[in-house]
Structure formats: C-alpha cells, structure tokens
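Engineer: To be precise about what I am sending: the file is called final05.cif and holds mmCIF, C-alpha atoms and all ligand atoms.
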```
data_my_file
#
loop_
_atom_site.label_atom_id
_atom_site.label_comp_id
_atom_site.auth_asym_id
_atom_site.auth_seq_id
_atom_site.Cartn_x
_atom_site.Cartn_y
_atom_site.Cartn_z
CA VAL A 4 -20.95 20.84 -21.17
CA ARG A 5 -23.45 23.51 -20.21
CA LEU A 6 -22.32 23.58 -16.58
CA GLU A 7 -18.68 23.56 -17.59
CA HIS A 8 -19.31 26.55 -19.86
CA ASP A 9 -21.21 28.38 -17.12
CA LEU A 10 -18.54 27.62 -14.52
CA ARG A 11 -15.87 29.04 -16.78
CA GLY A 12 -18.03 32.14 -17.23
CA ALA A 13 -18.57 32.50 -13.49
CA LEU A 14 -14.84 32.29 -12.86
CA ASP A 15 -14.05 34.82 -15.60
CA SER A 16 -16.65 37.32 -14.47
CA GLY A 17 -16.05 36.83 -10.76
CA SER A 18 -19.79 36.71 -10.15
CA ASP A 19 -21.95 33.84 -8.80
CA LEU A 20 -18.96 32.15 -7.16
CA TRP A 21 -18.42 32.83 -3.47
CA VAL A 22 -16.82 31.29 -0.43
CA ALA A 23 -18.58 30.00 2.71
CA TYR A 24 -16.60 29.90 5.95
CA GLN A 25 -17.19 27.18 8.53
CA PRO A 26 -15.92 27.96 12.04
CA ILE A 27 -13.39 25.63 13.66
CA VAL A 28 -13.28 25.76 17.47
CA GLU A 29 -10.72 24.96 20.09
CA MET A 30 -12.22 21.97 21.91
CA VAL A 31 -11.04 22.89 25.42
CA THR A 32 -12.31 26.47 25.49
CA GLY A 33 -15.00 26.31 22.80
CA GLY A 34 -13.50 29.51 21.38
CA LEU A 35 -13.16 30.30 17.70
CA ALA A 36 -9.81 29.06 16.35
CA GLY A 37 -10.23 29.46 12.61
CA PHE A 38 -12.35 28.70 9.55
CA GLU A 39 -12.48 26.31 6.61
CA ALA A 40 -13.12 28.01 3.28
CA LEU A 41 -15.72 26.11 1.21
CA MET A 42 -16.49 27.06 -2.36
CA ARG A 43 -20.06 27.90 -3.36
CA TRP A 44 -21.68 28.48 -6.74
CA THR A 45 -25.04 30.23 -7.05
CA HIS A 46 -26.04 29.63 -10.65
CA PRO A 47 -28.22 32.47 -12.04
CA GLU A 48 -30.91 30.04 -13.29
CA ARG A 49 -30.35 26.84 -11.36
CA GLY A 50 -29.55 28.30 -7.98
CA ASN A 51 -27.08 26.67 -5.64
CA ILE A 52 -24.96 23.98 -7.33
CA PRO A 53 -23.25 21.83 -4.68
CA PRO A 54 -19.45 21.48 -4.80
CA GLY A 55 -19.99 17.71 -5.02
CA ILE A 56 -21.31 18.45 -8.53
CA PHE A 57 -19.13 21.29 -9.81
CA ILE A 58 -15.76 20.32 -8.29
CA PRO A 59 -15.64 17.02 -10.23
CA ILE A 60 -16.51 18.96 -13.42
CA ALA A 61 -13.76 21.44 -12.63
CA GLU A 62 -11.34 18.57 -12.00
CA SER A 63 -12.09 16.76 -15.24
CA THR A 64 -11.59 19.94 -17.25
CA GLY A 65 -8.54 21.28 -15.43
CA LEU A 66 -10.55 24.34 -14.42
CA VAL A 67 -10.01 23.37 -10.79
CA VAL A 68 -6.49 24.84 -10.87
CA SER A 69 -7.66 28.40 -11.54
CA LEU A 70 -10.71 27.86 -9.34
CA GLY A 71 -8.36 26.78 -6.55
CA THR A 72 -6.23 29.89 -6.97
CA TRP A 73 -9.37 32.00 -6.85
CA VAL A 74 -10.51 30.43 -3.54
CA LEU A 75 -7.05 30.73 -2.05
CA ARG A 76 -6.91 34.44 -2.89
CA GLN A 77 -10.42 35.07 -1.49
CA ALA A 78 -9.65 33.18 1.72
CA CYS A 79 -6.31 34.95 2.26
CA GLN A 80 -7.89 38.36 1.72
CA GLN A 81 -10.73 37.47 4.05
CA ILE A 82 -8.57 36.30 6.95
CA ALA A 83 -6.23 39.28 6.59
CA ASP A 84 -9.27 41.55 6.81
CA TRP A 85 -10.76 39.71 9.81
CA GLN A 86 -7.46 39.60 11.66
CA ASP A 87 -7.35 43.40 11.51
CA ARG A 88 -10.57 43.46 13.52
CA ARG A 89 -9.34 41.15 16.29
CA GLU A 90 -8.54 42.60 19.67
CA PRO A 91 -4.83 43.21 20.03
CA GLY A 92 -3.20 40.33 21.85
CA SER A 93 -5.83 37.73 20.93
CA ALA A 94 -4.56 34.55 19.29
CA PRO A 95 -4.60 34.74 15.46
CA LEU A 96 -7.27 32.79 13.60
CA PHE A 97 -6.27 30.30 10.93
CA MET A 98 -7.86 29.78 7.52
CA SER A 99 -8.02 26.28 6.00
CA VAL A 100 -8.26 25.97 2.23
CA ASN A 101 -8.91 22.71 0.36
CA LEU A 102 -6.57 21.66 -2.43
CA SER A 103 -7.31 19.43 -5.37
CA SER A 104 -4.70 16.88 -6.46
CA HIS A 105 -4.53 18.78 -9.77
CA GLN A 106 -3.15 21.80 -7.96
CA LEU A 107 -0.44 19.63 -6.43
CA SER A 108 0.61 18.46 -9.90
CA ASP A 109 0.75 22.01 -11.23
CA PRO A 110 4.45 22.87 -11.59
CA ASN A 111 3.67 26.53 -10.84
CA PHE A 112 1.80 25.82 -7.63
CA VAL A 113 4.40 26.94 -5.09
CA GLN A 114 4.96 30.14 -7.06
CA VAL A 115 1.21 30.77 -7.16
CA VAL A 116 0.92 30.38 -3.40
CA ARG A 117 3.90 32.65 -2.83
CA GLU A 118 2.33 35.27 -5.09
CA VAL A 119 -1.07 35.13 -3.36
CA LEU A 120 0.57 35.47 0.06
CA ARG A 121 2.50 38.50 -1.12
CA GLU A 122 -0.47 40.08 -2.88
CA THR A 123 -2.82 39.77 0.09
CA GLY A 124 -0.20 40.57 2.71
CA VAL A 125 -1.46 37.71 4.84
CA GLU A 126 0.79 36.20 7.51
CA PRO A 127 1.66 32.75 6.04
CA SER A 128 1.26 30.92 9.37
CA TRP A 129 -2.47 31.78 9.37
CA ILE A 130 -3.00 29.72 6.22
CA LYS A 131 -3.52 25.98 6.37
CA LEU A 132 -3.82 23.95 3.18
CA GLU A 133 -5.89 20.75 3.35
CA LEU A 134 -4.82 17.83 1.18
CA THR A 135 -6.40 14.42 0.97
CA GLU A 136 -4.39 11.30 1.75
CA SER A 137 -4.85 9.99 -1.75
CA ALA A 138 -3.59 13.20 -3.35
CA VAL A 139 -0.44 13.01 -1.23
CA MET A 140 0.21 9.27 -1.31
CA ASP A 141 -0.37 9.00 -5.03
CA LYS A 142 3.09 10.32 -5.77
CA ALA A 143 4.51 10.20 -2.30
CA GLU A 144 8.15 11.14 -2.88
CA GLN A 145 7.22 13.98 -5.22
CA SER A 146 4.54 15.18 -2.81
CA ILE A 147 6.95 15.25 0.12
CA ARG A 148 9.24 17.58 -1.81
CA LEU A 149 6.34 19.83 -2.70
CA LEU A 150 5.02 19.87 0.87
CA ARG A 151 8.46 20.88 2.11
CA ASP A 152 8.56 23.77 -0.38
CA LEU A 153 5.09 24.90 0.69
CA ARG A 154 5.95 24.69 4.35
CA ALA A 155 9.11 26.70 3.70
CA LEU A 156 6.78 29.58 2.79
CA GLY A 157 5.58 29.47 6.40
CA ILE A 158 2.12 28.03 5.78
CA LYS A 159 0.58 25.04 7.61
CA LEU A 160 -0.49 21.75 6.06
CA SER A 161 -3.18 19.31 7.03
CA ILE A 162 -4.30 15.89 5.81
CA ASP A 163 -8.06 15.95 5.20
CA ASP A 164 -10.50 13.04 5.54
CA PHE A 165 -7.83 11.07 7.36
CA GLY A 166 -8.52 7.36 7.56
CA THR A 167 -10.65 7.07 4.44
CA GLY A 168 -8.03 7.08 1.69
CA TYR A 169 -5.18 4.72 1.31
CA SER A 170 -2.76 6.12 3.79
CA SER A 171 0.56 4.46 3.95
CA LEU A 172 1.63 4.40 7.57
CA SER A 173 5.21 4.04 6.41
CA TYR A 174 4.97 7.46 4.76
CA LEU A 175 2.88 9.24 7.34
CA HIS A 176 5.80 9.94 9.66
CA LYS A 177 7.81 11.38 6.78
CA LEU A 178 5.15 13.88 5.78
CA PRO A 179 6.04 17.47 6.63
CA ILE A 180 2.55 18.33 7.90
CA ASP A 181 1.03 20.02 10.93
CA SER A 182 -2.37 18.41 11.42
CA LEU A 183 -4.62 15.46 10.71
CA LYS A 184 -8.30 15.94 10.11
CA VAL A 185 -10.30 12.94 11.33
CA ASP A 186 -12.91 12.13 8.72
CA ARG A 187 -16.48 12.76 9.72
CA SER A 188 -17.47 9.12 9.10
CA PHE A 189 -15.42 8.16 12.19
CA VAL A 190 -16.85 10.99 14.24
CA SER A 191 -20.45 10.12 13.42
CA ALA A 192 -19.82 6.43 14.22
CA MET A 193 -18.31 7.11 17.65
CA HIS A 194 -21.54 6.95 19.60
CA GLN A 195 -22.35 3.52 18.16
CA SER A 196 -19.69 1.35 19.75
CA GLU A 197 -16.54 1.14 21.80
CA GLU A 198 -14.74 -0.14 18.69
CA ASN A 199 -15.59 3.00 16.75
CA ARG A 200 -14.42 5.13 19.65
CA ALA A 201 -11.19 3.13 19.74
CA ILE A 202 -10.52 3.95 16.08
CA VAL A 203 -10.76 7.66 16.81
CA ARG A 204 -8.61 7.27 19.92
CA ILE A 205 -5.94 5.45 17.93
CA ILE A 206 -5.89 8.14 15.22
CA MET A 207 -5.40 10.73 17.99
CA ASP A 208 -2.59 8.72 19.61
CA LEU A 209 -0.90 8.31 16.26
CA ALA A 210 -1.18 12.03 15.52
CA ARG A 211 0.28 12.97 18.89
CA LEU A 212 3.10 10.49 18.50
CA LEU A 213 4.00 12.07 15.16
CA GLY A 214 3.65 15.60 16.52
CA PHE A 215 0.53 16.58 14.56
CA ASP A 216 -2.47 18.28 16.06
CA VAL A 217 -5.94 16.86 15.43
CA ILE A 218 -9.09 18.41 14.01
CA ALA A 219 -12.31 16.38 14.17
CA GLU A 220 -14.87 17.24 11.51
CA GLY A 221 -18.57 16.45 11.28
CA ILE A 222 -19.30 17.04 14.99
CA GLU A 223 -23.09 17.13 15.00
CA THR A 224 -24.06 16.58 18.65
CA SER A 225 -22.87 17.62 22.09
CA ALA A 226 -22.33 13.90 22.80
CA ASP A 227 -19.82 13.76 19.90
CA ALA A 228 -18.13 16.89 21.25
CA ASN A 229 -17.89 15.46 24.77
CA LEU A 230 -16.37 12.18 23.59
CA LEU A 231 -13.78 14.08 21.55
CA ARG A 232 -12.99 16.43 24.42
CA ALA A 233 -12.38 13.38 26.62
CA LEU A 234 -9.85 12.20 24.03
CA ALA A 235 -8.12 15.60 24.17
CA CYS A 236 -8.93 16.41 20.55
CA ASP A 237 -7.43 19.82 19.74
CA TYR A 238 -9.97 21.34 17.33
CA GLY A 239 -13.51 20.61 16.22
CA GLN A 240 -15.73 21.49 13.29
CA GLY A 241 -19.32 20.58 12.54
CA TYR A 242 -22.98 21.55 12.58
CA HIS A 243 -23.02 21.29 16.40
CA PHE A 244 -20.84 24.42 16.49
CA ALA A 245 -21.75 26.14 13.23
CA ARG A 246 -22.56 25.50 9.58
CA PRO A 247 -20.56 26.93 6.70
CA LEU A 248 -21.59 30.61 6.75
CA PRO A 249 -21.70 33.45 4.25
CA PRO A 250 -18.77 35.86 4.79
CA GLU A 251 -20.88 38.54 6.52
CA GLU A 252 -22.22 36.07 9.10
CA ALA A 253 -18.85 34.44 9.68
CA GLY A 254 -17.36 37.91 10.14
CA LYS A 255 -19.74 38.59 13.05
CA LEU A 256 -18.11 35.76 15.00
CA VAL A 257 -14.62 37.15 14.55
CA GLY A 258 -14.91 39.95 17.07
CA GLY A 259 -17.37 38.28 19.43
CA GLU A 260 -18.14 34.93 20.96
CA LEU A 261 -19.05 31.82 19.04
O1 LIG B 301 -19.72 21.62 2.16
P1 LIG B 301 -19.25 20.93 1.19
O2 LIG B 301 -20.51 20.63 0.43
O3 LIG B 301 -18.79 22.36 0.95
O4 LIG B 301 -18.10 20.42 0.27
C1 LIG B 301 -18.23 19.23 -0.45
C2 LIG B 301 -16.90 18.83 -0.97
O5 LIG B 301 -16.34 19.83 -1.83
C3 LIG B 301 -15.88 18.57 0.13
O6 LIG B 301 -15.20 17.37 -0.20
C4 LIG B 301 -14.97 19.73 0.02
O7 LIG B 301 -13.65 19.38 0.40
C5 LIG B 301 -15.03 20.10 -1.45
N1 LIG B 301 -14.69 21.50 -1.60
C6 LIG B 301 -15.35 22.58 -1.11
N2 LIG B 301 -14.69 23.72 -1.41
C7 LIG B 301 -13.58 23.34 -2.10
C8 LIG B 301 -12.47 24.04 -2.67
O8 LIG B 301 -12.35 25.26 -2.56
N3 LIG B 301 -11.53 23.31 -3.32
C9 LIG B 301 -11.61 21.96 -3.42
N4 LIG B 301 -10.64 21.32 -4.08
N5 LIG B 301 -12.60 21.26 -2.88
C10 LIG B 301 -13.58 21.94 -2.22
O1 LIG B 302 -14.32 16.87 2.32
P1 LIG B 302 -14.21 17.96 3.31
O2 LIG B 302 -13.65 17.42 4.57
O3 LIG B 302 -13.53 19.19 2.87
O4 LIG B 302 -15.70 18.29 3.66
C1 LIG B 302 -16.22 19.45 4.12
C2 LIG B 302 -17.70 19.17 3.98
O5 LIG B 302 -18.26 18.74 5.22
C3 LIG B 302 -18.46 20.36 3.52
O6 LIG B 302 -19.33 19.86 2.57
C4 LIG B 302 -19.24 20.75 4.78
O7 LIG B 302 -20.44 21.40 4.43
C5 LIG B 302 -19.50 19.41 5.41
N1 LIG B 302 -19.77 19.46 6.84
C6 LIG B 302 -19.32 20.34 7.74
N2 LIG B 302 -19.77 20.06 8.99
C7 LIG B 302 -20.54 18.96 8.86
C8 LIG B 302 -21.28 18.18 9.80
O8 LIG B 302 -21.33 18.42 11.00
N3 LIG B 302 -21.95 17.10 9.28
C9 LIG B 302 -21.89 16.77 7.97
N4 LIG B 302 -22.59 15.71 7.58
N5 LIG B 302 -21.20 17.48 7.07
C10 LIG B 302 -20.53 18.57 7.51
NA NA B 303 -11.64 19.92 3.75
MN MN B 304 -12.66 16.44 5.34
#
```
Take the structure in the file and write it out as structure tokens.
Structural biologist:
Amino acid sequence: VRLEHDLRGALDSGSDLWVAYQPIVEMVTGGLAGFEALMRWTHPERGNIPPGIFIPIAESTGLVVSLGTWVLRQACQQIADWQDRREPGSAPLFMSVNLSSHQLSDPNFVQVVREVLRETGVEPSWIKLELTESAVMDKAEQSIRLLRDLRALGIKLSIDDFGTGYSSLSYLHKLPIDSLKVDRSFVSAMHQSEENRAIVRIIMDLARLLGFDVIAEGIETSADANLLRALACDYGQGYHFARPLPPEEAGKLVGGEL
C-alpha cells in the first residue's frame, strides 16, 4: 500500500520516475540502430526500486495505464530530440517502448498514442511498441484489430520475449507486426548445445518466412554475438553492447560511435 501510494505520488509530481535507454545495434555493422526505453523509479528513501517490483504493483492497481502513457511520452520526446542531433542523411534511430496488457485493453489506447505522436511531433515510424505474446494471444481477434489500428498510425510493432509465452503458431502469421524479439533465455542457452542453437535458428527462419525482422536480447558475450551474426540476426541488445543507460549517457552515443 505504501509503495502504491508513493508510486502514485511520483507519477503525479513527475519526480523520481525516469527512463533508462538501452542501445540496440545492427548486428552486421555493430552500429547503433535504436533504443529500448526502460522505466526506472528512484524512491527518495528506498533508492532504486526495480521494475520487477513496481510494474506488478502498477498492474494490479491499474496505475500502469497512466504510467505507460508517461513512458511513451518521455520516449517519444527523447527520440525526437536525439534525431535532431543526427547527421543529415544518417538512418533514423528507432525507440522501443514496452506495453502492458492493461494498456491494450484500454479503449482509449489508440487515441492516446495518436495524441502523444502529435504532441511530441515524432515521426511515427521511429516508434516501436513491444507487446508480449501472452498479452496479444489472450484475446487474439480483438488484439489483431487493435494492432491494425496502431499500425495504421505508422508505428512499428514487435513481439517481446518471443518463445516464452503461449504463442499460437496459427495466429502468428495473422499478426500485423514488424519484428520478433527472441527472449534472452534462448540467447543465453545458445552456447550450451546444438539443440539450443537450433531453437534460435528456427525462430529466425520462422520470422523471415513471415516477413518479420529479428532482435535478439540478452546478448552478454562476444560468443553470443558471433553465433547470432552467423544466423543473420538483424538486431542485438544486451550487456555485451551496452546496459540500460541514463538519458545523458545514451545521448552521447547518438552522435558518435557505439
Ligand atoms: O531492466 P529491466 O529491469 O528494466 O525491466 C524488467 C521488466 O520490467 C521487463 O520485463 C521490462 O519489460 C519491464 N519494464 C520496464 N520498463 C517498462 C515499461 O515502461 N512498461 C512496461 N509495461 N514494462 C516495463
Ligand atoms: O522483458 P523485457 O524483454 O522488456 O526485458 C528487458 C530487461 O532485460 C530489462 O530488465 C533489461 O535491464 C534486461 N537486460 C538487458 N540486457 C540484458 C542482458 O544482456 N542480460 C540480462 N540478463 N538482462 C538484460
Ligand atoms: Na521489452
Ligand atoms: Mn524481452
């Protein structure tokens, strides 16, 4: 109850909540391709409260809907600002933002996204929303309609933690999405056996067959990166490249080299 109260306060006041940005690289060139926005809460007395603690609280209280809008707005403003600093002619960076299933059930969600895009003046194609398999498959038909409406705004969609939820392969090809994010449990298991590598290879083949690009998360070693490069994985994210960074540090990478 205490944390819930404090989280509400933090959201109302706009203090103590902030967003970390983890770089996502293009596997072939190693160049910066985009970022994933990750919510952070620095509690005035208790210090850093991990999202694994406060997101579930926010979900059980419905607070996650306004929290989600807050992160989306921050992330859109941030990428619009960074894009202005890019050299003319360089490929635009994308910004991935996580969605909770509660946001998907919010009847106003599409309108909220439209409003945030307009308000921040961000180019919609720079924004990628990450949804989990379970959030999408839960109400598949309804989700497909919503995903179509979101995509009609010009934004990109990605399935997060792919392979860990209950994905229905019969629905996967119907989903109007752009990318699959291979869950980090598969990436970290790759070095252990040929079977584990085969699982990752099959996810990649499936993605390519369906016309999705692939992002591997949780890349912690150069060996992981090399295996994924050999499988022609499009994008990579993980401690091997960079940790989630405070905005000022992430911003330094935008103009320069990763
Ligand atoms: O680094 P990490 O500890 O940031 O995140 C832990 C979990 O919290 C991950 O599952 C991540 O998807 C989730 N998370 C982080 N930021 C957000 C956010 O802005 N919205 C939602 N819904 N989940 C988030
Ligand atoms: O659930 P989601 O896929 O949104 O998770 C993002 C989470 O993964 C964040 O908590 C982020 O801090 C964490 N993360 C990012 N890179 C790595 C990594 O290389 N290894 C591990 N173990 N976690 C990572
Ligand atoms: Na994510
Ligand atoms: Mn994930």
Engineer: Can you tell me which residues come within 10 Å of ligand MN 304 (chain B) when counting all atoms listed in the file, ideally as a list in words?
Structural biologist: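 After applying the 10 Å limit, what remains is Glu39, Asn101, Glu133, Leu134, Thr135, Ile162, Asp163, Asp164, Phe165, Thr167, Leu183, Lys184, Val185, Asp186, Arg187, Ser188, Ile218, Ala219, Glu220, Gly221 and Gln240 of chain A.
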Engineer: For Leu178 (chain A), list every protein, DNA or RNA residue within 10 Å, evaluated using all atoms listed in the file, and leave out those in the same chain fewer than 4 positions away; present the list as a list in words.
Structural biologist: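 Final neighbour list, sorted by chain and number: Val139, Met140, Ala143, Glu144, Ser146, Ile147, Arg148, Leu150, Arg151, Leu160, Ile162, Ser173, Tyr174 and Leu213 of chain A.
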Engineer: For each of A:Ser103, A:Ser18, A:Ser196, A:Gln86, take the minimum atom-to-atom distance to ligand LIG 301 (chain B), counting only C-alpha atoms and all ligand atoms, then give the residue where this is smallest.
Structural biologist: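 Looking at the shortest contact to ligand LIG 301 (chain B), the residue is A:Ser103.
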Engineer: State, in Å with one decimal place, the distance from atom C6 of ligand LIG 302 (chain B) to CA of Arg246 (chain A).
Structural biologist: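 Between atom C6 of ligand LIG 302 (chain B) and CA of Arg246 (chain A) the gap is 6.4 Å.
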Engineer: For chain A against ligand LIG 301 (chain B), with a cut-off of 9 Å and counting all atoms listed in the file, what is the closest atom pair and its distance in Å to one decimal for every residue that makes the cut, ordered by chain and number, as a tab-separated table?
Structural biologist:
```
residue	atom	partner	partner_atom	distance
A:Val22	CA	B:LIG301	O8	7.8
A:Ala23	CA	B:LIG301	O3	7.8
A:Gln25	CA	B:LIG301	O1	8.8
A:Glu39	CA	B:LIG301	N2	8.7
A:Ala40	CA	B:LIG301	O8	6.5
A:Leu41	CA	B:LIG301	N2	3.7
A:Met42	CA	B:LIG301	N2	3.9
A:Arg43	CA	B:LIG301	N2	7.1
A:Pro53	CA	B:LIG301	O2	5.9
A:Pro54	CA	B:LIG301	O5	4.6
A:Gly55	CA	B:LIG301	C1	5.1
A:Ile56	CA	B:LIG301	O5	8.5
A:Phe57	CA	B:LIG301	O5	8.6
A:Ile58	CA	B:LIG301	N5	6.3
A:Pro59	CA	B:LIG301	O5	8.9
A:Glu62	CA	B:LIG301	N4	8.4
A:Val67	CA	B:LIG301	N4	7.0
A:Val68	CA	B:LIG301	N4	8.7
A:Leu70	CA	B:LIG301	O8	7.4
A:Gly71	CA	B:LIG301	N3	5.7
A:Thr72	CA	B:LIG301	O8	8.9
A:Trp73	CA	B:LIG301	O8	8.5
A:Val74	CA	B:LIG301	O8	5.6
A:Leu75	CA	B:LIG301	O8	7.6
A:Val100	CA	B:LIG301	O8	6.3
A:Asn101	CA	B:LIG301	N3	4.6
A:Leu102	CA	B:LIG301	N4	4.4
A:Ser103	CA	B:LIG301	N4	4.0
A:Ser104	CA	B:LIG301	N4	7.8
A:His105	CA	B:LIG301	N4	8.7
A:Gln106	CA	B:LIG301	N4	8.4
A:Glu133	CA	B:LIG301	O7	8.4
A:Leu134	CA	B:LIG301	N4	8.6
A:Thr135	CA	B:LIG301	O7	8.8
A:Asp163	CA	B:LIG301	O7	8.1
A:Asp164	CA	B:LIG301	O6	8.6
A:Arg246	CA	B:LIG301	O1	8.8
A:Pro247	CA	B:LIG301	O1	7.0
```
Engineer: Those residues you just picked out, can you put them in a file as a PDB file, keeping the file's coordinate frame with C-alpha atoms?
Structural biologist:
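The result, stored in selection-v1.pdb:
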```
ATOM      1  CA  VAL A  22     -16.820  31.290  -0.430  1.00  0.00           C
ATOM      2  CA  ALA A  23     -18.580  30.000   2.710  1.00  0.00           C
ATOM      3  CA  GLN A  25     -17.190  27.180   8.530  1.00  0.00           C
ATOM      4  CA  GLU A  39     -12.480  26.310   6.610  1.00  0.00           C
ATOM      5  CA  ALA A  40     -13.120  28.010   3.280  1.00  0.00           C
ATOM      6  CA  LEU A  41     -15.720  26.110   1.210  1.00  0.00           C
ATOM      7  CA  MET A  42     -16.490  27.060  -2.360  1.00  0.00           C
ATOM      8  CA  ARG A  43     -20.060  27.900  -3.360  1.00  0.00           C
ATOM      9  CA  PRO A  53     -23.250  21.830  -4.680  1.00  0.00           C
ATOM     10  CA  PRO A  54     -19.450  21.480  -4.800  1.00  0.00           C
ATOM     11  CA  GLY A  55     -19.990  17.710  -5.020  1.00  0.00           C
ATOM     12  CA  ILE A  56     -21.310  18.450  -8.530  1.00  0.00           C
ATOM     13  CA  PHE A  57     -19.130  21.290  -9.810  1.00  0.00           C
ATOM     14  CA  ILE A  58     -15.760  20.320  -8.290  1.00  0.00           C
ATOM     15  CA  PRO A  59     -15.640  17.020 -10.230  1.00  0.00           C
ATOM     16  CA  GLU A  62     -11.340  18.570 -12.000  1.00  0.00           C
ATOM     17  CA  VAL A  67     -10.010  23.370 -10.790  1.00  0.00           C
ATOM     18  CA  VAL A  68      -6.490  24.840 -10.870  1.00  0.00           C
ATOM     19  CA  LEU A  70     -10.710  27.860  -9.340  1.00  0.00           C
ATOM     20  CA  GLY A  71      -8.360  26.780  -6.550  1.00  0.00           C
ATOM     21  CA  THR A  72      -6.230  29.890  -6.970  1.00  0.00           C
ATOM     22  CA  TRP A  73      -9.370  32.000  -6.850  1.00  0.00           C
ATOM     23  CA  VAL A  74     -10.510  30.430  -3.540  1.00  0.00           C
ATOM     24  CA  LEU A  75      -7.050  30.730  -2.050  1.00  0.00           C
ATOM     25  CA  VAL A 100      -8.260  25.970   2.230  1.00  0.00           C
ATOM     26  CA  ASN A 101      -8.910  22.710   0.360  1.00  0.00           C
ATOM     27  CA  LEU A 102      -6.570  21.660  -2.430  1.00  0.00           C
ATOM     28  CA  SER A 103      -7.310  19.430  -5.370  1.00  0.00           C
ATOM     29  CA  SER A 104      -4.700  16.880  -6.460  1.00  0.00           C
ATOM     30  CA  HIS A 105      -4.530  18.780  -9.770  1.00  0.00           C
ATOM     31  CA  GLN A 106      -3.150  21.800  -7.960  1.00  0.00           C
ATOM     32  CA  GLU A 133      -5.890  20.750   3.350  1.00  0.00           C
ATOM     33  CA  LEU A 134      -4.820  17.830   1.180  1.00  0.00           C
ATOM     34  CA  THR A 135      -6.400  14.420   0.970  1.00  0.00           C
ATOM     35  CA  ASP A 163      -8.060  15.950   5.200  1.00  0.00           C
ATOM     36  CA  ASP A 164     -10.500  13.040   5.540  1.00  0.00           C
ATOM     37  CA  ARG A 246     -22.560  25.500   9.580  1.00  0.00           C
ATOM     38  CA  PRO A 247     -20.560  26.930   6.700  1.00  0.00           C
TER      39      PRO A 247
END
```
Engineer: Using all atoms of region 48-63 of chain A listed in the file and a margin of 5 Å per side, can you give the axis-aligned box centre and edge lengths in Å to one decimal, as AutoDock Vina command-line options?
Structural biologist:
```
--center_x -21.1 --center_y 23.4 --center_z -10.0 --size_x 29.6 --size_y 23.3 --size_z 20.6
```
Engineer: Please list as an MDAnalysis selection string every residue within 12 Å of Gly33 (chain A), counting all atoms listed in the file and excluding residues in the same chain fewer than 6 positions away.
Structural biologist: chainID A and resid 26:27 225 228:229 232 236:240 243:245 260:261
Engineer: With C-alpha atoms retained, could you export that selection as a CSV table (one decimal), keeping the file's coordinate frame?
Structural biologist:
```csv
chain,number,residue,atom,x,y,z
A,26,PRO,CA,-15.9,28.0,12.0
A,27,ILE,CA,-13.4,25.6,13.7
A,225,SER,CA,-22.9,17.6,22.1
A,228,ALA,CA,-18.1,16.9,21.2
A,229,ASN,CA,-17.9,15.5,24.8
A,232,ARG,CA,-13.0,16.4,24.4
A,236,CYS,CA,-8.9,16.4,20.6
A,237,ASP,CA,-7.4,19.8,19.7
A,238,TYR,CA,-10.0,21.3,17.3
A,239,GLY,CA,-13.5,20.6,16.2
A,240,GLN,CA,-15.7,21.5,13.3
A,243,HIS,CA,-23.0,21.3,16.4
A,244,PHE,CA,-20.8,24.4,16.5
A,245,ALA,CA,-21.8,26.1,13.2
A,260,GLU,CA,-18.1,34.9,21.0
A,261,LEU,CA,-19.0,31.8,19.0
```
Engineer: Work out how far apart CA of Asp15 (chain A) and CA of Thr123 (chain A) are and give it in Å to one decimal.
Structural biologist: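 Pair CA of Asp15 (chain A) / CA of Thr123 (chain A) returns 19.9 Å.
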Engineer: Choose the residue, out of A:Met98, A:Ala61, A:Ile158, A:Leu10, that has the smallest atom-to-atom separation from ligand NA 303 (chain B); count only C-alpha atoms and all ligand atoms.
Structural biologist: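 Using only C-alpha atoms and all ligand atoms, ligand NA 303 (chain B) sits closest to A:Met98.
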Engineer: With all atoms listed in the file as the basis for distance, which of A:Ala233, A:Ile202, A:Ile180, A:Leu132 is at the shortest distance from ligand NA 303 (chain B)?
Structural biologist: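 The closest residue to ligand NA 303 (chain B) is A:Leu132.
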Engineer: So which one's closest to Ala253 (chain A), A:Trp85, A:Val203, A:Trp44, A:Arg11? Using only C-alpha atoms, please.
Structural biologist: A:Trp85
Engineer: Just to confirm, what's the straight-line distance from CA of Glu122 (chain A) to CA of Leu66 (chain A) in Å (one decimal)?
Structural biologist: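 Going from CA of Glu122 (chain A) over to CA of Leu66 (chain A) covers 22.0 Å.
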Engineer: Any idea what's packed within 12 Å of Gly214 (chain A), counting all atoms listed in the file, ignoring anything in its chain fewer than 5 positions away? Could you give it as a PyMOL selection string?
Structural biologist: chain A and resi 175-183+207-209
Engineer: Looking at all atoms listed in the file, which of A:Tyr24, A:Asp227, A:Ala94, A:Gly254 is the one that sits closest to ligand NA 303 (chain B)?
Structural biologist: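 Result for the nearest residue to ligand NA 303 (chain B): A:Tyr24.
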Engineer: Pick from A:Gln195, A:Ser171, A:Ser161, A:Ile205: nearest to ligand LIG 302 (chain B), with all atoms listed in the file counted?
Structural biologist: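 Under the stated criterion, the closest residue is A:Ser161.
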Engineer: Just the residues within 8 Å of Ser137 (chain A), please, counting all atoms listed in the file, with nothing from its chain fewer than 5 positions along; format it as a tab-separated table (two decimals) with C-alpha atoms, keeping the file's coordinate frame.
Structural biologist:
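Output contents, as saved in out-v3.tsv:
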```tsv
chain	number	residue	atom	x	y	z
A	168	GLY	CA	-8.03	7.08	1.69
A	169	TYR	CA	-5.18	4.72	1.31
A	170	SER	CA	-2.76	6.12	3.79
```
